[in-house]
Structure formats: C-alpha cells, structure tokens
Amino acid sequence: MADAVLGREREGPPAAVWEREPRRHRAWEGLRCYGLIAAMWIRSAMTYRMSFLLATVGHAAVTLLDFAAIYIMFTHVDALGGFSLPEIALLYGSSSTSLGLANLLLGNTDRMGTRIRDGSLDGMLVRPVPVLAQVAADRFALRRLGRIAQGCGVLVWAVAALDVDWTAGKVLLVPVMVLAGTAIFAAVMVAGAAFQFAAGDAAEVVNSFTYGGCTMLEYPPTVFAKELLRGVTFVVPLAFVNWLPALYVLGRPDPLGLPGWVAFLSPLVAFAVFVPASLAWRAGLRSYRSTGS
Amino acid sequence: MRLYGAVAVGGFRRYATYGTATAAGVFTNTVFGFILAYTYVALWDERPGLGGYSQGQALAFIWVSQSLLAAAALMGGGFQEEFQERVRTGDIAVDLYRPADLQLWWLAADMGRAAFQLLGRGLVPVLAGALAFPLALPADPVRWLLFVVAVVLGLVVSFAVRFLLGLAAFWLLDGTGINMMAGLVSVFFSGMLLPLTVFPGGFGDVVRMLPWAAMLQVPMDVLLGEGAGAGGAGGALAFQAGWALVLLGAGRLMQAAATRKVVVQGG
C-alpha cells in the first residue's frame with residue numbers, strides 16, 4: 001500500500017510539488033524581504049552615525065526613568081506586594097526586554113490604522129512581497145536597541161542580586177522566558193494590526209495590551225486583583241510573558257494556584273497565540289477594501 | 001481675538017471627528033488607571049501617608065492624572081509633530097504669511113484640542129476609577145474652580161514647552177528623537193509615573209521647581225488641597241503663571257531667531 005502511494009506520488013504530475021513549494025517559499029521569501037527592508041532602514045540610519053548613537057543611548061537612558069520610579073518607591077518601602085527590589089527587577093527586566101525585542105521586530109505594525117486611513121497600504125498590496133513583512137519592517141528602527149539594552153541591564157543586575165538557588169531548570173528558564181515573552185508580545189502586535197482592519201483607528205487599544213501589559217508585568221502578580229490575574233492568564237495569556245516563569249525562578253507560589261510546571265509552557269503558549277493572531281491577520285487582509293481616494 | 005476663538009473651535013472640532021481613536025484612548029487610559037491604581041494600593045498599604053497623601057488621595061491622583069494625560073499631551077500627540085512636519089516641508093511659510101501671530105495661532109488650536117481631550121478622554125476614566133476605587137475627591141466647589149484654573153495654566157505651560165520643541169525643527173529638521181525624549185522626560189518629571197512629593201530629598205526639591213511640575217503635580221495638589229511647598233493655591237497658581245510667562249517669552253525669542261533663519265525653497 002505504502003509503495004503504491006509513494007509510487008503514485010512519484011508518477012503523478014508535479015502538482016504536489018507545486019502546492020508545497022510556494023508555501024515554504026512564501027515564509028522564506030517573507031523573512032528575506034523583511035531582512036532586506038530592515039537592512040535598508042539600518043543603512044539609512046547609519047548615514048548619520050552620531051545621531052543614531054545618541055538616539056540609542058538616549059533611548060536607553062530615558063526608558064531607565066521607568067525603573068527609576070520603581071527605585072524611588074523602594075526608598076520608602078522594603079517590599080511591594082511582598083516582593084523585594086531585586087525580585088521586581090527580575091520582572092521589570094524580563095518584561096521590558098521582551099517588549100523591546102517585539103517592538104524592534106514588529107513595532108511598526110502599530111501604524112496600520114494610519115496606513116489604512118491614508119491608503120498607503122494599497123501600495124504594499126501590489127508589491128510581490130508578503131504584506132506583513134512590509135508592514136513590520138517599514139521604518140525599522142535599530143535605535144530601539146536602547147530599550148533592549150536597558151531591560152537587559154536591569155535583568156542582569158537582578159540575576160546577580162537575587163538570592164536564588166540556581167538549578168539548571170531555573171538558569172534555562174531565564175532566556176526562554178525572555179524569548180517566549182517576545183513571541184507573545186509579537187503575537188499580540190499581529191493580532192492588534194489585524195484588529196485595525198475592523199476598527200480603523202484604534203491603535204491605542206493595542207497599546208493598552210502591549211505597553212499596558214508590559215507595565216503590569218513589571219509589578220508582582222500579588223499586587224493585582226484575582227479577576228485581572230485570571231484574565232491575563234487564560235484570556236490574553238500575558239502572565240506567560242514573565243510572571244509564571246519568574247515565580248518559578250523565585251520559588252514562589254502562583255496566586256491562582258497553578259502548578260509549578262506551567263512555568264515551562266511559555267513557548268507553547270506563544271505558539272498557541274500566534275496561530276489565531278496570524279489567522280486574524282489573513283482574514284483582515286482578505287476583508288480589506290481600500291479607502292479609494 | 002475672534003480669529004483665535006475660531007481657531008480654537010476648529011481645534012476642538014478637528015479632534016472630535018475621530019470617534020474611534022477617542023474611544024480607544026479612553027480604553028487605554030482606563031486600563032493604565034487600573035494597573036497603576038493596584039500598584040498604588042500596594043505602595044500605600046505598605047506606607048500610609050506617603051508623600052503627604054492618604055490612600056484615597058493617591059488613588060484620586062492616579063485617576064485624575066490619567067484624565068489629564070492626553071489633554072496636557074504629556075506623551076506627545078499634541079501639535080508639535082504637525083508643526084515640525086510643516087517646518088520640514090516648508091508649509092510653515094504659509095503660517096508665517098498669515099495676518100496672525102504664529103505662537104497665538106498654535107496656542108489657540110492647541111487649547112481647542114486640549115478642551116476636547118479633557119471632555120472626550122477625561123470624564124470616563126475618572127468615573128470608572130470612582131466606581132472601582134474609593135477616591136478622595138473634594139466636595140468643595142471652590143476647590144474644583146481653582147483646579148480648573150490650575151489645569152488651564154498647566155495646559156499653557158505644556159503648550160509653551162512643546163512650542164519650543166516645535167521650533168527646534170528649524171535647526172534639527174527631524175523631531176522624532178527630541179519628541180520621544182521630551183515625552184518620556186515629561187511623564188517622569190510631571191508626576192505621572194509617581195507623585196513628585198514622593199521623590200526623595202534634594203532631588204525631589206529640584207524636580208518640584210521644574211516646569212513639568214506645573215503641568216500635572218501642581219493642578220493635582222490644588223485639587224487635593226496640598227500646599228506641597230508652593231504655599232497654598234495662590235502660590236501654586238503663581239508658580240504656574242510664572243513658568244507660563246517665562247516659557248512663552250522664550251518661545252517668542254526663539255521664534256524670532258527661527259523666522260530670520262527661514263529660507264523658502266521653490267515656488
């Protein structure tokens with residue numbers, strides 16, 4: 001039987017190859033084009049090297065003010081929601097780095113509403129390049145490395161200052177947490193871009209999930225109400241960006257009573273949110289009617 | 001005067017057109033209000049009376065400041081991006097050509113915008129916050145009246161700073177970097193992230209003297225009835241008016257320098 005199937009496949013017309021090839025080709029093509037567009041913007045930024053350097057350093061210095069506010073809180077208290085400053089720095093550093101990375105890779109999707117309104121999306125539709133790659137890579141801003149550097153800096157300080165019994169699992173979980181967190185934020189950004197097809201001009205709603213989510217994740221989950229925790233665990237799974245892995249690293253129980261091993265689920269959760277997000281993007285793109293002017 | 005009134009009404013109506021964007025903004029301000037309110041509850045549970053506020057006052061601070069955020073354009077989104085774009089493209093020549101004062105023209109337009117943002121984006125978050133948390137808001141109508149005056153003065157100071165940023169485009173051409181930094185700095189030094197009364201020692205004293213304090217911290221102190229080193233409501237309003245005059249004056253000088261520099265290309 002197997003031979004017969006294989007034989008038929010070999011004998012058949014090249015249709016099977018045709019169907020499979022373009023798909024693999026498309027994803028690869030999208031990445032390649034993303035790289036090309038991003039490289040173009042990097043070259044353009046590098047034309048004024050000093051200006052780029054200042055923007056990046058400035059970005060890092062100024063986003064550090066966020067952490068300064070938390071630091072000032074700790075000049076008055078020893079713990080917030082039962083968490084010490086290094087513990088909150090772990091939350092802050094991981095959430096800030098994840099959002100920074102997602103922002104670097106996909107941050108410009110928040111201009112979708114504007115593109116739909118002014119019709120500049122139409123120009124992208126006629127190019128033989130996946131639209132999402134164009135939307136995400138357009139105006140690629142390498143200076144956003146500043147925020148990432150700042151987040152990483154706080155994270156490294158936290159890891160050094162924490163009094164944690166580092167097992168192999170905990171050591172592994174820190175980079176996994178940052179990368180899976182990036183993927184979850186990226187999925188939210190794609191879903192948000194898709195939402196703009198329906199809403200038109202509601203980029204700020206997406207901000208409340210990305211920037212708002214990031215701000216929330218900088219503080220310990222014990223600070224927030226249970227209903228809110230359930231919402232960001234089971235509905236929009238932001239808790240998997242850093243809360244659940246960080247609680248495992250710190251050896252603290254989850255306020256919702258979830259078992260410890262969920263800390264390792266972040267990569268799976270990231271994949272699980274990417275599927276509906278990319279389906280929503282496709283549906284949005286198919287339903288798109290130009291403003292026509 | 002009629003002219004500037006019409007410009008202000010135009011500014012109001014222009015922003016009133018974007019219904020979805022306003023609703024999205026209300027949603028975002030409410031979400032941030034909830035997140036910050038929970039952290040403040042944790043902070044004030046740990047240290048009651050921190051910064052001279054009771055927990056109810058701290059919660060009122062959070063929610064009212066979310067309502068002022070868009071109006072005072074603390075995170076950008078005011079007029080300066082458009083102004084800088086007009087400088088870059090040369091459209092600013094048209095503005096200079098008008099039989100109206102450049103600074104007053106943009107002040108009027110920005111006040112119209114702020115008035116809309118105050119009503120359109122301000123009322124709902126405060127209502128949501130008042131339903132979910134016990135806010136210590138004053139019942140005295142005089143206090144509210146003083147608060148309104150302080151808000152208007154704060155908006156003028158905010159405009160005056162952003163007018164300087166707008167004019168910077170004559171030299172920098174691109175305003176992206178300076179706008180981003182100005183946004184983050186004004187969020188920090190206005191008291192948006194943390195009331196300035198909580199900032200420690202000499203650093204706190206300096207921060208409370210800067211113009212950003214006039215945009216948010218001072219109106220909030222007037223509303224909550226805190227002197228906060230400014231010596232009562234009268235002193236607070238004088239502090240704001242002083243900064244408004246200094247910064248508007250600086251804007252005048254810089255505008256004069258900028259217009260001497262202008263070279264209109266093409267025809």
# chains A, B, ... in the order shown; residues from 1 in each chain; ligands from 1
$ residues_around --residues "Leu145 in chain A" --least-positions-apart "2" --cutoff "10 Å" --atoms "only C-alpha atoms" --output "PyMOL selection string"
chain A and resi 55-57+59-60+97+100-101+103-104+141-143+147-151
$ interface_residues --of "chain B" --to "chain A" --cutoff "10 Å" --atoms "only C-alpha atoms" --output "PyMOL selection string"
chain B and resi 18-47+50-51+176-178+180-185+187-189+191+193-195+198-200
$ residues_around --residues "Arg252 in chain B" --least-positions-apart "3" --cutoff "10 Å" --atoms "only C-alpha atoms" --output "PyMOL selection string"
chain B and resi 102-103+160+163-164+246-249+255-258
$ residues_around --residues "Ala213 in chain B" --least-positions-apart "3" --cutoff "8 Å" --atoms "only C-alpha atoms" --output "VMD selection string"
chain B and resid 189 to 191 196 207 to 210 216 to 218
$ closest_residue --among "A:Gly146, A:Gly153, A:Pro175, A:Gly181" --to "Ala270 in chain A" --atoms "only C-alpha atoms"
A:Gly181
$ closest_residue --among "A:Tyr34, A:Phe185, A:Trp166, A:Phe83" --to "Ala137 in chain A" --atoms "only C-alpha atoms"
A:Tyr34
$ closest_residue --among "B:Leu137, B:Ala238, B:Met215, B:Val142" --to "Ala58 in chain B" --atoms "only C-alpha atoms"
B:Leu137
$ select_by_dssp --residues "range 91-244 of chain B" --states "helix (DSSP H, G or I)" --output "PyMOL selection string"
chain B and resi 92-97+102-132+141-172+176-190+196-198+201-207+211-215+217-224+232-244
$ atom_distance --atom1 "CA of Arg282 in chain A" --atom2 "CA of Ala194 in chain A"
7.8 Å
$ atom_distance --atom1 "CA of Trp28 in chain A" --atom2 "CA of Phe197 in chain A"
25.3 Å
